[in-house]
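Trainee: Have a look at this one before I ask anything.
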Amino acid sequence: MSAVFEPVTLGPLRLRNRVIRAAAFEGMSPAGTVSPALVDHHRAMALGGVALTTVAYASVTPGGRTFGHQLWMREAIVDGLRELTDAVHAEGGAASLQLGHGGYMADPRITKSPALAPSRVMNLYGLTLPKAMDAVAISEVVEAFAESTRLAARAGFDAVEIQAGHGYLVSQFLSPFTNVRRDDYGGDIDHRLRFAREIMRSVRTAAGSKVAVIVKMNLRDGFAGGLELDEAIEVARMFEREGADALVLSGGFSSRTPWYILRGDVPLQALVDGETRLLHKLGMKLFGRVVVEPFAFEEAYFFAMARQLREAVALPLALVGGIRSRATIDRVLDAGIDLVAMARPLIREPDFVRRLEREPAAQSRCEPCNLCVAAMYHSEQRCPRR
Ligand SMILES: Cc1cc2nc3c(=O)[nH]c(=O)nc-3n(C[C@H](O)[C@H](O)[C@H](O)COP(=O)(O)O)c2cc1C
């Protein structure tokens with residue numbers, strides 16, 4: 001029997017096996033609410049065998065949204081979220097809620113407010129010029145993370161996951177590319193991680209002793225001038241000191257290196273077709289191949305860097321990105337990484353974990369064509385090849 005089917009403990013949370021469904025935007029929250037489709041989706045994940053299913057990226061404030069059909073945290077959705085966690089628990093799984101803020105990736109057409117960021121650095125992907133956050137804006141977002149955690153706890157979540165990677169707001173503070181502040185929140189890594197530390201503290205306090213706090217973070221932003229592994233190790237150490245129960249290790253920066261997060265095919269035509277902003281559509285059509293840098297897919301593509309980080313911290317670690325077979329999972333667990341997280345293999349095949357149990361040589365059916373990523377912009381999450 002593979003170690004993947006052995007239970008594991010993350011702070012207050014006991015998981016039945018070592019597989020997490022990674023946060024992957026479901027597009028099932030019309031007007032920011034919990035739909036029956038979202039409940040069914042996560043019930044299916046628990047039924048399919050994952051130990052912990054992560055509900056993707058709920059924005060901690062309305063101003064942090066990147067999509068209109070995305071959850072944002074408020075009292076009005078607690079009952080709906082409770083229905084979701086009840087459904088997951090009924091199938092023997094545990095539920096986590098990813099909390100984030102888009103920062104300069106937030107879409108002003110949706111939020112009706114200027115995008116916030118550590119510094120006034122243009123987001124070339126969304127063509128947004130953000131507003132640099134002052135002390136008041138910083139403390140409002142820190143408090144919003146705490147309040148969102150309290151709502152998540154009341155809705156029955158077993159864990160919350162702070163989105164501190166992928167070029168969203170927390171990651172923008174950590175990255176020297178987007179954070180050029182000269183105050184206590186910018187400069188060397190000790191200063192750049194201050195915002196993340198304040199959020200970690202507020203979430204840890206709000207979560208109390210019954211809800212696990214997980215952090216998703218970058219090993220590397222994926223371009224010269226971004227966060228590199230040596231600084232990421234400092235960030236991981238800080239999260240450990242401040243009481244994180246586990247880290248999910250990823251990489252990439254949505255506005256610069258989105259395909260470093262995902263790897264594989266870039267479905268440019270599908271992305272152009274799904275773009276509603278005319279200027280962006282034209283830009284993508286004309287220059288897409290030039291500006292969107294592809295990255296070749298290989299299994300467990302962040303594994304080598306995760307092993308280096310493993311040497312530096314003792315808390316439980318999960319690896320995400322290109323986990324596609326039981327052989328790879330065993331290799332990752334053998335190296336002292338405690339868990340694996342998967343997104344696309346479970347979009348393709350929600351009961352992939354059950355198949356891993358039955359078939360030791362099981363290989364995911366995900367290609368990766370990344371058409372699920374293109375679909376994310378305008379429809380509910382689906383694998384067109386399913
Ligand atoms: C359709 C889609 C939506 C995603 N949305 C999120 C998200 O909301 N938050 C997040 O942290 N990662 C998101 N991701 C990234 C995944 O969590 C994961 O890091 C990435 O897909 C690599 O893992 P995989 O090879 O198992 O798919 C998304 C991925 C996909 C495919």
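How things are named: the first chain in the structure tokens is A, the next is B, and so on; residues count from 1 in each chain; ligands count from 1 in the order shown.
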Which residues of chain A come within 7 Å of ligand 1, and what is each one's closest atom pair and distance in Å (one decimal), counting only C-alpha atoms and all ligand atoms, sorted by chain and residue number, as a tab-separated table?
Mentor:
```
residue	atom	partner	partner_atom_place_in_ligand_line	distance
A:Ala22	CA	ligand 1	17 (O)	4.5
A:Ala23	CA	ligand 1	17 (O)	4.5
A:Ala24	CA	ligand 1	5 (N)	3.3
A:Phe25	CA	ligand 1	5 (N)	3.9
A:Glu26	CA	ligand 1	3 (C)	6.9
A:Ala56	CA	ligand 1	8 (O)	4.5
A:Tyr57	CA	ligand 1	8 (O)	4.5
A:Gln163	CA	ligand 1	11 (O)	6.0
A:His166	CA	ligand 1	11 (O)	6.9
A:Lys216	CA	ligand 1	11 (O)	6.7
A:Ser250	CA	ligand 1	19 (O)	6.0
A:Ile261	CA	ligand 1	20 (C)	5.9
A:Leu262	CA	ligand 1	22 (C)	4.9
A:Val320	CA	ligand 1	23 (O)	5.1
A:Gly321	CA	ligand 1	23 (O)	3.6
A:Gly322	CA	ligand 1	25 (O)	3.7
A:Ile323	CA	ligand 1	26 (O)	5.7
A:Ala341	CA	ligand 1	26 (O)	6.3
A:Met342	CA	ligand 1	26 (O)	3.4
A:Ala343	CA	ligand 1	26 (O)	3.8
A:Arg344	CA	ligand 1	27 (O)	3.8
A:Pro345	CA	ligand 1	26 (O)	6.0
A:Asn370	CA	ligand 1	31 (C)	6.7
A:Cys372	CA	ligand 1	1 (C)	5.0
A:Val373	CA	ligand 1	1 (C)	4.1
A:Met376	CA	ligand 1	1 (C)	5.6
A:Gln381	CA	ligand 1	1 (C)	6.5
```
Trainee: Considering only C-alpha atoms, return as a list in words whatever protein or nucleic-acid residues lie within 12 Å of Ala224 in chain A, sequence-local ones (same chain, fewer than 5 positions apart) excluded.
Mentor: Ser175, Pro176, Phe177, Leu229, Gly252, Phe253, Arg256 and Thr257 of chain A
Trainee: So, counting only C-alpha atoms, which residue among A:Arg120, A:Arg16, A:Arg109, A:Arg82 is closest to Ala155 in chain A?
Mentor: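 Smallest distance to Ala155 in chain A is found for A:Arg82.
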Trainee: Which residue gives the smallest distance to Val180 in chain A among A:Met238, A:Ala117, A:Leu81, A:Ala146, with only C-alpha atoms counted?
Mentor: A:Ala117
Trainee: Residues near Ile233 in chain A, anyone? I mean within 9 Å using only C-alpha atoms, not counting same-chain ones fewer than 5 positions away, as a PyMOL selection string.
Mentor: chain A and resi 219+228+238+308-309+312-313
